[in-house]
Amino acid sequence: NVGKSTLFNRLVGKKIAIVDDRPGVTRDRREAQGSVGDLDFTVIDTAGLETAKDGLESRMHAQTEQALDDADIALFMIDARAGVTPLDKHFADILRSHTTPVSLIANKCEGRAADPGLMESYGLGLGDPTPLSAEHGEGMADIYSILLPFENVEEEEWPEDTYSESTDDEEYDEEKMAEEDAAVLASPLSLAIVGRPNAGKSTLVNRLLGEDRVLTGPEAGITRDSISSSWTSRYQGNDRAIKLVDTAGIRRRARVTDKIEHLSIADTMRTIQFAQVVVLLIDAEEGLEKQDLFIAGKVIDEGRALVIAINKWDTVKDKAVAMKQVEDRLQTSLTQVRGIPVITFSALTGKGINRLMPAVFKIFDTWNIRISTARLNKWLSFMTEAHTPPAVNGRHIRLRYATQAKTRPPTFAVFSSRAEKLPTSYMRYLVNGLREDFDLDGIPIRLNMRKGDNPYAKKRK
């Protein structure tokens, strides 16, 4: 509770790490691109150093030790207002034994109340302390001076999200959309793992990465922040960059009373908004419950590609019955999206895990599909001939023209002079036709009716 996450947010320039007055909020180490002046670097937020030899605190300490080993420089922060504590001295001894260079930061130095603690910190034997107020941004020039000697250290650059989505109100510029599509395919695939607490999300992330990147354990709700990791997976013989994000579990709103959990869930919802593919992890022992369907609905509403993953499949006795129950529940409760892929495996043992990423890549390709205007209008002509739009006020509605407005998710615009009169049932008929004729199973489809210009409107006036 000395202000590590506050400084992390200050360096990153965004409030992405959860901050609260209570100690021990941060548990996993979190990475992001930070900058001070013209210096760019990877900054890692860590859990507070703990002295426990077992349990969750011990695993948190191991994460911090790993971050320290990976770093080019460590900023050791103390609370100057609280003064130097026995634990500060204990961990200063530990840091002196590491080969990683350490710089002492005395935080919360706004005002005169921190002066005694600042003087005490000289006794830690870590050189001159740097006074700082992470909350108010005071002392950032000194942070720049500390980091400047390390600017030539080769760092792994964190790729930024380069994809964007045009809005429905923009003109359909095919050249611009083609450029956006190329940028998406060239950038890392953003993959989020979501689900209820204790479904095995962090275990799955560690299994995919091949290392203990995030904390795991029998305790529910260990993960609080959304933790991003850079990863590479093979796809069609090529290496594909992945931005893999572990998230906090989402419980029913009525059960959430703690402020930290509210913040964690909000962080998870933001992750879903910026993800491209979302893996909804389900505990096979508990089955597909109402809360899982609620999360799936949120993912679909955001227009993200969805994969249902059933974890702990090795513990299920009658697998055929369990799978049938999941499929029936999806068919009755998520009627707006048909054909969502369902993958089964055990994240703990790794059995069946090799089926997950092929399903992710396949649904991602479908989510990015672009259909030519010529094919769409040929299809529209066939659909209207097979089933003529209904008559409204004695006049049939004529669908003149169709085009794909954007991808991610596939969004189509159909133009008609009486677009607002087309019944919802006929729009559902068109969406089902798109899904069936263009192999768009498992992804959300958006169909917008647009009113075309009437060339005789001026003459009538």
# chains A, B, ... in the order shown; residues from 1 in each chain; ligands from 1
$ residues_around --residues "Asp365 of chain A" --least-positions-apart "5" --cutoff "12 Å" --atoms "only C-alpha atoms" --output "ChimeraX atom specification"
/A:181,184-185,189,235,276-277,305,358-360,370,407-410,439-443
$ write_last_selection --atoms "all heavy atoms" --output "compact mmCIF listing (two decimals), in the first residue's frame"
# COMPACT_ATOMS: atom_id res chain seq x y z
N ASP A 181 -8.74 -3.98 -42.52
CA ASP A 181 -8.69 -5.44 -42.45
C ASP A 181 -7.23 -5.91 -42.44
O ASP A 181 -6.87 -6.82 -41.69
CB ASP A 181 -9.43 -6.06 -43.63
CG ASP A 181 -10.93 -5.84 -43.54
OD1 ASP A 181 -11.41 -5.48 -42.45
OD2 ASP A 181 -11.62 -6.03 -44.57
N VAL A 184 -5.65 -5.30 -39.04
CA VAL A 184 -6.11 -6.27 -38.04
C VAL A 184 -5.36 -7.58 -38.16
O VAL A 184 -4.89 -8.15 -37.18
CB VAL A 184 -7.63 -6.50 -38.17
CG1 VAL A 184 -8.07 -7.68 -37.32
CG2 VAL A 184 -8.38 -5.26 -37.74
N LEU A 185 -5.24 -8.07 -39.38
CA LEU A 185 -4.58 -9.35 -39.60
C LEU A 185 -3.09 -9.28 -39.30
O LEU A 185 -2.46 -10.29 -38.98
CB LEU A 185 -4.81 -9.82 -41.04
CG LEU A 185 -6.28 -10.13 -41.38
CD1 LEU A 185 -6.42 -10.47 -42.86
CD2 LEU A 185 -6.81 -11.27 -40.52
N LEU A 189 -3.56 -10.96 -32.33
CA LEU A 189 -4.95 -11.32 -32.04
C LEU A 189 -5.20 -11.14 -30.55
O LEU A 189 -4.49 -11.71 -29.71
CB LEU A 189 -5.21 -12.76 -32.46
CG LEU A 189 -6.65 -13.27 -32.46
CD1 LEU A 189 -6.77 -14.47 -33.41
CD2 LEU A 189 -7.12 -13.68 -31.07
N TYR A 235 -0.29 -21.21 -36.56
CA TYR A 235 -1.55 -21.24 -37.28
C TYR A 235 -1.27 -21.40 -38.76
O TYR A 235 -0.61 -20.55 -39.36
CB TYR A 235 -2.35 -19.95 -37.03
CG TYR A 235 -3.64 -19.86 -37.79
CD1 TYR A 235 -4.59 -20.88 -37.72
CD2 TYR A 235 -3.94 -18.76 -38.58
CE1 TYR A 235 -5.78 -20.80 -38.42
CE2 TYR A 235 -5.13 -18.66 -39.28
CZ TYR A 235 -6.05 -19.69 -39.19
OH TYR A 235 -7.23 -19.62 -39.89
N GLN A 276 -10.89 -9.34 -29.35
CA GLN A 276 -11.38 -9.76 -30.66
C GLN A 276 -12.09 -11.11 -30.54
O GLN A 276 -13.17 -11.30 -31.06
CB GLN A 276 -10.23 -9.84 -31.66
CG GLN A 276 -9.61 -8.47 -31.94
CD GLN A 276 -8.34 -8.59 -32.76
OE1 GLN A 276 -7.52 -9.46 -32.52
NE2 GLN A 276 -8.17 -7.69 -33.72
N VAL A 277 -11.46 -12.04 -29.84
CA VAL A 277 -12.07 -13.34 -29.56
C VAL A 277 -12.12 -13.52 -28.04
O VAL A 277 -11.16 -13.19 -27.34
CB VAL A 277 -11.28 -14.50 -30.19
CG1 VAL A 277 -11.96 -15.84 -29.89
CG2 VAL A 277 -11.14 -14.30 -31.69
N ALA A 305 -16.25 -12.25 -31.15
CA ALA A 305 -16.32 -13.67 -31.49
C ALA A 305 -16.20 -14.49 -30.21
O ALA A 305 -15.38 -14.18 -29.35
CB ALA A 305 -15.21 -14.04 -32.46
N PRO A 358 -7.07 -23.85 -32.61
CA PRO A 358 -7.67 -23.96 -33.94
C PRO A 358 -9.10 -23.42 -33.99
O PRO A 358 -9.49 -22.78 -34.98
CB PRO A 358 -7.62 -25.48 -34.22
CG PRO A 358 -6.46 -25.96 -33.44
CD PRO A 358 -6.46 -25.14 -32.19
N ALA A 359 -9.88 -23.66 -32.92
CA ALA A 359 -11.24 -23.12 -32.87
C ALA A 359 -11.22 -21.60 -32.78
O ALA A 359 -12.05 -20.92 -33.39
CB ALA A 359 -11.99 -23.71 -31.68
N VAL A 360 -10.26 -21.05 -32.02
CA VAL A 360 -10.14 -19.60 -31.89
C VAL A 360 -9.80 -18.96 -33.23
O VAL A 360 -10.41 -17.96 -33.65
CB VAL A 360 -9.07 -19.24 -30.83
CG1 VAL A 360 -8.70 -17.76 -30.90
CG2 VAL A 360 -9.56 -19.59 -29.43
N ARG A 370 -15.26 -10.84 -45.25
CA ARG A 370 -15.81 -9.74 -46.05
C ARG A 370 -16.41 -10.33 -47.33
O ARG A 370 -15.75 -11.08 -48.04
CB ARG A 370 -14.74 -8.70 -46.39
CG ARG A 370 -15.31 -7.52 -47.15
CD ARG A 370 -14.32 -6.39 -47.28
NE ARG A 370 -14.03 -5.79 -45.99
CZ ARG A 370 -14.86 -4.94 -45.36
NH1 ARG A 370 -16.02 -4.62 -45.90
NH2 ARG A 370 -14.51 -4.41 -44.21
N THR A 407 -16.66 -5.15 -40.98
CA THR A 407 -16.42 -6.46 -40.38
C THR A 407 -16.26 -6.27 -38.87
O THR A 407 -16.29 -5.17 -38.36
CB THR A 407 -15.15 -7.10 -40.96
OG1 THR A 407 -14.04 -6.21 -40.76
CG2 THR A 407 -15.30 -7.35 -42.45
N ARG A 408 -16.08 -7.41 -38.18
CA ARG A 408 -15.78 -7.40 -36.74
C ARG A 408 -16.84 -6.69 -35.90
O ARG A 408 -16.53 -5.69 -35.30
CB ARG A 408 -14.40 -6.77 -36.51
CG ARG A 408 -13.30 -7.46 -37.29
CD ARG A 408 -11.97 -6.77 -37.08
NE ARG A 408 -11.96 -5.41 -37.58
CZ ARG A 408 -11.78 -5.07 -38.84
NH1 ARG A 408 -11.61 -5.98 -39.76
NH2 ARG A 408 -11.77 -3.81 -39.20
N PRO A 409 -18.06 -7.18 -35.79
CA PRO A 409 -18.62 -8.35 -36.46
C PRO A 409 -19.13 -7.98 -37.84
O PRO A 409 -19.30 -6.79 -38.15
CB PRO A 409 -19.78 -8.73 -35.54
CG PRO A 409 -20.27 -7.43 -35.02
CD PRO A 409 -19.03 -6.59 -34.82
N PRO A 410 -19.42 -8.97 -38.70
CA PRO A 410 -19.98 -8.66 -40.02
C PRO A 410 -21.27 -7.86 -39.89
O PRO A 410 -22.22 -8.28 -39.23
CB PRO A 410 -20.24 -10.05 -40.62
CG PRO A 410 -19.28 -10.95 -39.92
CD PRO A 410 -19.18 -10.41 -38.52
N ASP A 439 -21.69 -19.28 -44.44
CA ASP A 439 -20.96 -19.98 -43.37
C ASP A 439 -20.55 -19.03 -42.25
O ASP A 439 -19.37 -18.93 -41.88
CB ASP A 439 -19.72 -20.68 -43.95
CG ASP A 439 -20.08 -21.77 -44.94
OD1 ASP A 439 -21.12 -22.43 -44.74
OD2 ASP A 439 -19.34 -21.95 -45.92
N LEU A 440 -21.52 -18.33 -41.71
CA LEU A 440 -21.25 -17.37 -40.63
C LEU A 440 -21.72 -17.90 -39.28
O LEU A 440 -22.14 -17.13 -38.40
CB LEU A 440 -21.94 -16.04 -40.94
CG LEU A 440 -21.51 -15.35 -42.24
CD1 LEU A 440 -22.25 -14.03 -42.41
CD2 LEU A 440 -20.00 -15.12 -42.27
N ASP A 441 -21.63 -19.21 -39.08
CA ASP A 441 -22.03 -19.80 -37.80
C ASP A 441 -21.12 -19.34 -36.67
O ASP A 441 -19.91 -19.19 -36.84
CB ASP A 441 -21.99 -21.33 -37.88
CG ASP A 441 -23.19 -21.90 -38.61
OD1 ASP A 441 -24.19 -21.17 -38.72
OD2 ASP A 441 -23.13 -23.05 -39.06
N GLY A 442 -21.73 -19.13 -35.51
CA GLY A 442 -20.97 -18.89 -34.29
C GLY A 442 -20.60 -17.45 -34.01
O GLY A 442 -19.98 -17.16 -32.99
N ILE A 443 -20.96 -16.52 -34.89
CA ILE A 443 -20.59 -15.11 -34.67
C ILE A 443 -21.84 -14.24 -34.73
O ILE A 443 -22.82 -14.59 -35.39
CB ILE A 443 -19.57 -14.61 -35.72
CG1 ILE A 443 -20.16 -14.71 -37.12
CG2 ILE A 443 -18.26 -15.37 -35.63
CD1 ILE A 443 -19.35 -14.02 -38.18
$ residues_around --residues "Leu124 of chain A" --least-positions-apart "2" --cutoff "9 Å" --atoms "only C-alpha atoms" --output "count of residues only"
11
$ closest_residue --among "A:Ile73, A:Leu348, A:Met449, A:Leu147" --to "Ile397 of chain A" --atoms "only C-alpha atoms"
A:Met449
$ select_by_dssp --residues "segment 321-445 of chain A" --states "helix (DSSP H, G or I)" --output "ChimeraX atom specification"
/A:321-333,353-367,373-386,419-421,424-437
$ select_by_dssp --residues "segment 236-444 of chain A" --states "strand (DSSP E or B)" --output "ChimeraX atom specification"
/A:238-246,277-283,305-311,342-344,391-392,395-396,401-406,411-416
